[in-house]
$ cat start-v7.pdb   # PDB, C-alpha atoms
ATOM      1  CA  MET N1074       5.920  21.266  -1.725
ATOM      2  CA  ARG N1075       2.970  20.245  -3.883
ATOM      3  CA  LYS N1076       5.180  19.819  -6.952
ATOM      4  CA  LEU N1077       7.651  17.755  -4.935
ATOM      5  CA  PHE N1078       4.802  15.530  -3.759
ATOM      6  CA  GLU N1079       3.564  15.057  -7.323
ATOM      7  CA  LEU N1080       7.083  14.167  -8.511
ATOM      8  CA  TRP N1081       7.373  11.629  -5.699
ATOM      9  CA  LYS N1082       4.069   9.987  -6.649
ATOM     10  CA  LYS N1083       5.196   9.797 -10.245
ATOM     11  CA  TYR N1084       8.801   8.664  -9.937
ATOM     12  CA  SER N1085       9.480   7.250  -6.455
ATOM     13  CA  TYR N1086       9.287   3.718  -7.868
ATOM     14  CA  MET N1087      12.741   4.381  -9.317
ATOM     15  CA  LEU N1088      14.143   4.350  -5.782
ATOM     16  CA  MET N1089      12.907   0.785  -5.382
ATOM     17  CA  ILE N1090      14.503  -0.277  -8.655
ATOM     18  CA  ILE N1091      17.794   1.407  -7.722
ATOM     19  CA  PHE N1092      17.655  -0.223  -4.286
ATOM     20  CA  ILE N1093      17.161  -3.691  -5.798
ATOM     21  CA  ILE N1094      20.074  -3.211  -8.200
ATOM     22  CA  ILE N1095      22.700  -1.662  -5.905
ATOM     23  CA  SER N1096      21.918  -4.068  -3.052
ATOM     24  CA  LEU N1097      23.191  -6.869  -5.276
ATOM     25  CA  PHE N1098      26.655  -5.357  -4.968
ATOM     26  CA  ASP N1099      26.483  -4.960  -1.194
ATOM     27  CA  PHE N1100      23.696  -6.700   0.693
ATOM     28  CA  ARG N1101      24.284  -4.468   3.710
ATOM     29  CA  ILE N1102      22.381  -1.797   1.784
ATOM     30  CA  GLY N1103      19.347  -4.049   2.055
ATOM     31  CA  ILE N1104      18.946  -3.028   5.680
ATOM     32  CA  ALA N1105      17.653   0.327   4.388
ATOM     33  CA  ALA N1106      14.414  -1.503   3.537
ATOM     34  CA  ILE N1107      13.516  -1.221   7.216
ATOM     35  CA  VAL N1108      12.252   2.280   6.363
ATOM     36  CA  CYS N1109       9.453   0.770   4.283
ATOM     37  CA  MET N1110       8.536  -1.475   7.194
ATOM     38  CA  ILE N1111       8.478   1.162   9.911
ATOM     39  CA  ALA N1112       7.141   4.165   7.966
ATOM     40  CA  PRO N1113       3.670   2.683   7.212
ATOM     41  CA  ILE N1114       3.171   2.037  10.923
ATOM     42  CA  ILE N1115       4.250   5.519  12.009
ATOM     43  CA  VAL N1116       2.183   7.247   9.331
ATOM     44  CA  SER N1117      -0.888   5.132  10.146
ATOM     45  CA  VAL N1118      -0.994   6.623  13.645
ATOM     46  CA  PHE N1119      -1.653  10.043  12.113
ATOM     47  CA  ARG N1120      -3.067   9.451   8.618
ATOM     48  CA  GLY N1121      -4.258   5.864   8.269
ATOM     49  CA  ARG N1122      -2.865   4.083   5.193
ATOM     50  CA  PHE N1123      -1.759   7.351   3.610
ATOM     51  CA  TRP N1124       1.740   5.915   3.160
ATOM     52  CA  CYS N1125       0.422   3.066   1.025
ATOM     53  CA  GLY N1126      -1.401   5.286  -1.429
ATOM     54  CA  ASN N1127       1.004   8.193  -1.637
ATOM     55  CA  LEU N1128       4.512   7.528  -0.323
ATOM     56  CA  CYS N1129       5.272   3.837  -0.786
ATOM     57  CA  PRO N1130       7.740   3.365  -3.700
ATOM     58  CA  ARG N1131       6.407  -0.120  -4.360
ATOM     59  CA  GLY N1132       2.813   1.091  -4.426
ATOM     60  CA  ASN N1133       4.000   3.787  -6.805
ATOM     61  CA  PHE N1134       5.553   1.080  -8.988
ATOM     62  CA  TYR N1135       2.255  -0.795  -9.168
ATOM     63  CA  ASP N1136       0.390   2.428 -10.023
ATOM     64  CA  ASN N1137       2.736   3.771 -12.675
ATOM     65  CA  ILE N1138       4.195   0.629 -14.236
ATOM     66  CA  MET N1139       2.112  -2.459 -13.510
ATOM     67  CA  SER N1140      -1.172  -0.648 -14.148
ATOM     68  CA  ARG N1141      -0.219  -0.656 -17.835
ATOM     69  CA  PHE N1142      -0.265  -4.450 -17.921
ATOM     70  CA  SER N1143      -2.921  -5.220 -15.331
ATOM     71  CA  LYS N1144      -6.308  -6.672 -16.249
ATOM     72  CA  LYS N1145      -7.688  -4.592 -13.374
ATOM     73  CA  LYS N1146     -10.024  -7.371 -12.307
ATOM     74  CA  ALA N1147     -11.411  -7.647  -8.792
ATOM     75  CA  VAL N1148      -9.107  -9.318  -6.299
ATOM     76  CA  PRO N1149     -10.424 -12.712  -5.066
ATOM     77  CA  LYS N1150     -12.244 -12.429  -1.745
ATOM     78  CA  PHE N1151      -9.948 -15.051  -0.238
ATOM     79  CA  ILE N1152      -6.922 -12.804  -0.733
ATOM     80  CA  LYS N1153      -8.694  -9.941   1.028
ATOM     81  CA  SER N1154     -10.007 -12.092   3.877
ATOM     82  CA  THR N1155      -8.927 -11.439   7.446
ATOM     83  CA  TYR N1156      -7.758 -15.042   7.855
ATOM     84  CA  PHE N1157      -5.438 -14.861   4.866
ATOM     85  CA  ARG N1158      -4.067 -11.480   5.899
ATOM     86  CA  VAL N1159      -3.353 -12.679   9.427
ATOM     87  CA  PHE N1160      -1.620 -15.742   7.989
ATOM     88  CA  VAL N1161       0.559 -13.576   5.731
ATOM     89  CA  VAL N1162       1.535 -11.298   8.633
ATOM     90  CA  ILE N1163       2.455 -14.235  10.884
ATOM     91  CA  PHE N1164       4.282 -16.136   8.142
ATOM     92  CA  THR N1165       6.224 -13.098   6.929
ATOM     93  CA  PHE N1166       7.340 -11.993  10.373
ATOM     94  CA  THR N1167       8.221 -15.547  11.379
ATOM     95  CA  MET N1168      10.464 -15.973   8.352
ATOM     96  CA  PHE N1169      11.861 -12.482   8.839
ATOM     97  CA  GLY N1170      12.560 -13.110  12.541
ATOM     98  CA  LEU N1171      14.260 -16.427  11.874
ATOM     99  CA  GLY N1172      16.364 -14.834   9.162
ATOM    100  CA  ILE N1173      17.516 -12.055  11.470
ATOM    101  CA  LYS N1174      18.242 -14.534  14.267
ATOM    102  CA  ASN N1175      20.312 -16.796  12.016
ATOM    103  CA  ASN N1176      22.319 -13.860  10.655
ATOM    104  CA  TRP N1177      22.708 -11.862  13.864
ATOM    105  CA  GLY N1178      26.060 -10.088  13.899
ATOM    106  CA  ASN N1179      26.385 -10.344  10.122
ATOM    107  CA  PRO N1180      25.213  -7.057   8.485
ATOM    108  CA  ALA N1181      25.399  -8.519   4.976
ATOM    109  CA  GLY N1182      23.329 -11.512   6.043
ATOM    110  CA  ILE N1183      20.719  -9.326   7.729
ATOM    111  CA  GLY N1184      20.632  -7.063   4.687
ATOM    112  CA  MET N1185      20.027 -10.140   2.545
ATOM    113  CA  VAL N1186      16.998 -11.009   4.696
ATOM    114  CA  PHE N1187      15.483  -7.571   4.032
ATOM    115  CA  TYR N1188      16.426  -7.718   0.362
ATOM    116  CA  ARG N1189      14.927 -11.160  -0.131
ATOM    117  CA  ILE N1190      11.613 -10.148   1.437
ATOM    118  CA  ILE N1191      11.359  -7.007  -0.691
ATOM    119  CA  VAL N1192      12.175  -8.824  -3.945
ATOM    120  CA  ILE N1193       9.965 -11.869  -3.336
ATOM    121  CA  THR N1194       6.937  -9.874  -2.220
ATOM    122  CA  THR N1195       7.359  -7.428  -5.100
ATOM    123  CA  LEU N1196       7.436 -10.302  -7.586
ATOM    124  CA  ILE N1197       4.293 -11.774  -6.009
ATOM    125  CA  GLY N1198       2.584  -8.412  -6.395
ATOM    126  CA  MET N1199       3.720  -8.177 -10.004
ATOM    127  CA  MET N1200       2.392 -11.621 -10.896
ATOM    128  CA  LEU N1201      -0.973 -10.895  -9.305
ATOM    129  CA  SER N1202      -1.120  -7.589 -11.185
ATOM    130  CA  PHE N1203      -1.193  -9.431 -14.506
ATOM    131  CA  PHE N1204      -4.362 -11.265 -13.516
ATOM    132  CA  TYR N1205      -6.130  -8.900 -11.128
ATOM    133  CA  SER N1206      -5.810  -5.319  -9.896
ATOM    134  CA  ASN N1207      -2.401  -3.677 -10.164
ATOM    135  CA  ARG N1208      -2.710  -3.051  -6.419
ATOM    136  CA  SER N1209      -3.478  -6.692  -5.590
ATOM    137  CA  TRP N1210      -0.513  -6.920  -3.212
ATOM    138  CA  CYS N1211      -1.792  -3.981  -1.171
ATOM    139  CA  HIS N1212      -4.858  -5.994  -0.168
ATOM    140  CA  PHE N1213      -2.753  -8.327   1.965
ATOM    141  CA  CYS N1214       0.610  -6.552   2.400
ATOM    142  CA  PRO N1215       1.743  -7.330   5.992
ATOM    143  CA  MET N1216       2.668  -3.739   6.794
ATOM    144  CA  GLY N1217      -0.483  -2.470   5.109
ATOM    145  CA  SER N1218      -2.580  -4.877   7.169
ATOM    146  CA  ILE N1219      -0.973  -3.679  10.393
ATOM    147  CA  ALA N1220      -1.481  -0.060   9.328
ATOM    148  CA  ALA N1221      -5.135  -0.850   8.593
ATOM    149  CA  LEU N1222      -5.532  -2.366  12.056
ATOM    150  CA  ILE N1223      -4.140   0.786  13.649
ATOM    151  CA  SER N1224      -6.451   2.889  11.470
ATOM    152  CA  TYR N1225      -9.426   0.822  12.599
ATOM    153  CA  PHE N1226      -8.854   1.641  16.265
ATOM    154  CA  LYS N1227      -7.612   5.186  15.769
ATOM    155  CA  LYS N1228     -10.205   7.356  14.086
ATOM    156  CA  ASP N1229      -8.469  10.287  12.401
ATOM    157  CA  LYS N1230     -10.148  13.517  11.350
ATOM    158  CA  LYS N1231      -7.706  13.949   8.482
ATOM    159  CA  ILE N1232      -9.298  11.327   6.296
ATOM    160  CA  LEU N1233     -11.561  11.522   3.293
ATOM    161  CA  GLU N1234     -15.217  12.342   3.720
ATOM    162  CA  VAL N1235     -18.265  11.896   1.516
ATOM    163  CA  SER N1236     -20.805  14.710   1.547
ATOM    164  CA  ASN N1237     -24.566  14.401   1.094
ATOM    165  CA  THR N1238     -24.222  15.684  -2.468
ATOM    166  CA  CYS N1239     -23.155  12.145  -3.432
ATOM    167  CA  VAL N1240     -25.629  10.586  -5.889
ATOM    168  CA  SER N1241     -24.276   7.018  -5.589
ATOM    169  CA  CYS N1242     -23.232   6.846  -9.230
ATOM    170  CA  LYS N1243     -20.599   4.278  -8.165
ATOM    171  CA  ILE N1244     -17.864   5.732 -10.350
ATOM    172  CA  CYS N1245     -15.697   6.005  -7.239
ATOM    173  CA  GLU N1246     -15.991   2.276  -6.629
ATOM    174  CA  LYS N1247     -14.705   1.516 -10.112
ATOM    175  CA  LYS N1248     -11.682   3.755  -9.594
ATOM    176  CA  CYS N1249     -10.776   2.588  -6.090
ATOM    177  CA  PRO N1250      -7.735   0.241  -6.185
ATOM    178  CA  MET N1251      -8.774  -1.190  -2.819
ATOM    179  CA  GLU N1252     -12.322  -1.960  -4.064
ATOM    180  CA  ILE N1253     -13.934   0.218  -1.398
ATOM    181  CA  THR N1254     -17.403   1.719  -1.951
ATOM    182  CA  PRO N1255     -17.104   5.400  -0.881
ATOM    183  CA  TYR N1256     -20.773   6.119  -1.636
ATOM    184  CA  ASP N1257     -21.716   3.892   1.298
ATOM    185  CA  TYR N1258     -20.232   6.580   3.563
ATOM    186  CA  LYS N1259     -22.469   9.389   2.293
ATOM    187  CA  GLY N1260     -22.698  12.153   4.897
ATOM    188  CA  ASP N1261     -19.870  10.643   6.921
ATOM    189  CA  VAL N1262     -16.113  10.104   6.968
ATOM    190  CA  LEU N1263     -14.716   7.437   4.672
ATOM    191  CA  SER N1264     -13.642   5.385   7.656
ATOM    192  CA  HIS N1265     -12.752   2.142   5.892
ATOM    193  CA  PRO N1266      -9.388   1.092   7.423
ATOM    194  CA  ASP N1267      -8.026   0.004   4.046
ATOM    195  CA  CYS N1268      -8.536   3.367   2.359
ATOM    196  CA  ILE N1269      -5.063   4.291   1.099
ATOM    197  CA  GLN N1270      -6.130   7.893   0.383
ATOM    198  CA  CYS N1271      -4.830   7.766  -3.168
ATOM    199  CA  ALA N1272      -7.543  10.301  -4.087
ATOM    200  CA  LYS N1273      -8.597   8.421  -7.210
ATOM    201  CA  CYS N1274     -12.205   8.582  -5.993
ATOM    202  CA  VAL N1275     -11.830  12.316  -5.352
ATOM    203  CA  ILE N1276     -10.643  12.930  -8.904
ATOM    204  CA  ALA N1277     -13.301  10.685 -10.450
ATOM    205  CA  CYS N1278     -16.306  12.024  -8.530
ATOM    206  CA  PRO N1279     -18.464  14.108 -10.950
ATOM    207  CA  LYS N1280     -20.127  15.882  -8.008
ATOM    208  CA  THR N1281     -16.893  16.631  -6.124
ATOM    209  CA  SER N1282     -18.571  14.993  -3.151
ATOM    210  CA  ILE N1283     -15.417  13.382  -1.803
ATOM    211  CA  GLY N1284     -12.578  15.234  -0.127
ATOM    212  CA  TYR N1285     -11.003  16.289   3.138
ATOM    213  CA  ASN N1286     -13.163  18.042   5.759
ATOM    214  CA  LYS N1287     -16.110  18.392   3.378
ATOM    215  CA  LEU N1288     -18.543  17.915   6.251
ATOM    216  CA  ARG N1289     -17.097  20.726   8.351
TER     217      ARG N1289
END

$ encode --input "start-v7.pdb" --output "structure tokens"
Amino acid sequence: MRKLFELWKKYSYMLMIIFIIISLFDFRIGIAAIVCMIAPIIVSVFRGRFWCGNLCPRGNFYDNIMSRFSKKKAVPKFIKSTYFRVFVVIFTFTMFGLGIKNNWGNPAGIGMVFYRIIVITTLIGMMLSFFYSNRSWCHFCPMGSIAALISYFKKDKKILEVSNTCVSCKICEKKCPMEITPYDYKGDVLSHPDCIQCAKCVIACPKTSIGYNKLR
């Protein structure tokens, strides 16, 4: 199972590329994108934004492909702001809802709505990656924002924790794609709702102070 998980984290972006290509031949296939809209919400109930950092094919694409071209600069505060994220959620779902309404009864038309959203948002994420972090899109992804909101209200025990052995060297902050500061949670759970549990901070920590259930 572990090997399968590692393969998924390394190559799942290929599913997104295949999806984008084959949907051009039959837009009805685009409806399959609903999985990437529902899954983050379901997973967030149990594991916070675990989907975003480990299972999302698009996130995988940004990690494995766009990271090679990214300047890895901090994402502007405006993009991460609550106001902007709320706007993106409302705008995206309004456009999505109108698209579904106008194409109701037409599977190809509905599939095109899904396809268009996936392609446009992926391109936005790609463009931002060239100037900022390769995970720039994840800071205001509509589904990620909703998952973060659920994580905020539902405290889960299966999240990362930072033990008291942390020396605040701040290496974890430099490695975090979501620009979170794990060392601020010393002796507590890493309860930040936007933690995507990618484990980059776990791997980077020289004191192995970050991990699951380290306080128990």

$ closest_residue --input "start-v7.pdb" --among "N:Gly1132, N:Pro1149, N:Gly1284, N:Gly1126" --to "Cys1271 (chain N)" --atoms "all atoms listed in the file"
N:Gly1126

$ atom_distance --input "start-v7.pdb" --atom1 "CA of Tyr1084 (chain N)" --atom2 "CA of Ile1276 (chain N)"
19.9 Å

$ closest_residue --input "start-v7.pdb" --among "N:Lys1076, N:Tyr1188, N:Ser1241, N:Ser1117" --to "Asp1257 (chain N)" --atoms "all atoms listed in the file"
N:Ser1241

$ residues_near_point --input "start-v7.pdb" --point "(-1.1, -9.8, 3.8)" --cutoff "8 Å" --atoms "all atoms listed in the file" --output "compact mmCIF listing (two decimals) with C-alpha atoms, in the coordinates of the input"
# COMPACT_ATOMS: atom_id res chain seq x y z
CA ILE N 1152 -6.92 -12.80 -0.73
CA PHE N 1157 -5.44 -14.86 4.87
CA ARG N 1158 -4.07 -11.48 5.90
CA VAL N 1159 -3.35 -12.68 9.43
CA PHE N 1160 -1.62 -15.74 7.99
CA VAL N 1161 0.56 -13.58 5.73
CA VAL N 1162 1.54 -11.30 8.63
CA TRP N 1210 -0.51 -6.92 -3.21
CA CYS N 1211 -1.79 -3.98 -1.17
CA HIS N 1212 -4.86 -5.99 -0.17
CA PHE N 1213 -2.75 -8.33 1.96
CA CYS N 1214 0.61 -6.55 2.40
CA PRO N 1215 1.74 -7.33 5.99
CA MET N 1216 2.67 -3.74 6.79
CA GLY N 1217 -0.48 -2.47 5.11
CA SER N 1218 -2.58 -4.88 7.17

$ closest_residue --input "start-v7.pdb" --among "N:Ile1163, N:Leu1080, N:Met1139, N:Val1192" --to "Ala1106 (chain N)" --atoms "all atoms listed in the file"
N:Val1192

$ closest_residue --input "start-v7.pdb" --among "N:Met1074, N:Cys1242, N:Val1148, N:Ala1105" --to "Pro1180 (chain N)" --atoms "all atoms listed in the file"
N:Ala1105

$ closest_residue --input "start-v7.pdb" --among "N:Phe1142, N:Arg1189, N:Cys1268, N:Lys1248" --to "Ile1173 (chain N)" --atoms "all atoms listed in the file"
N:Arg1189

$ atom_distance --input "start-v7.pdb" --atom1 "CA of Val1235 (chain N)" --atom2 "CA of Asp1261 (chain N)"
5.8 Å

$ axis_aligned_box --input "start-v7.pdb" --around "region 1147-1156 of chain N" --padding-each-side "6 Å" --output "AutoDock Vina command-line options"
--center_x -9.6 --center_y -11.3 --center_z -0.5 --size_x 17.3 --size_y 19.4 --size_z 28.6

$ atom_distance --input "start-v7.pdb" --atom1 "CA of Glu1234 (chain N)" --atom2 "CA of Ser1202 (chain N)"
28.6 Å
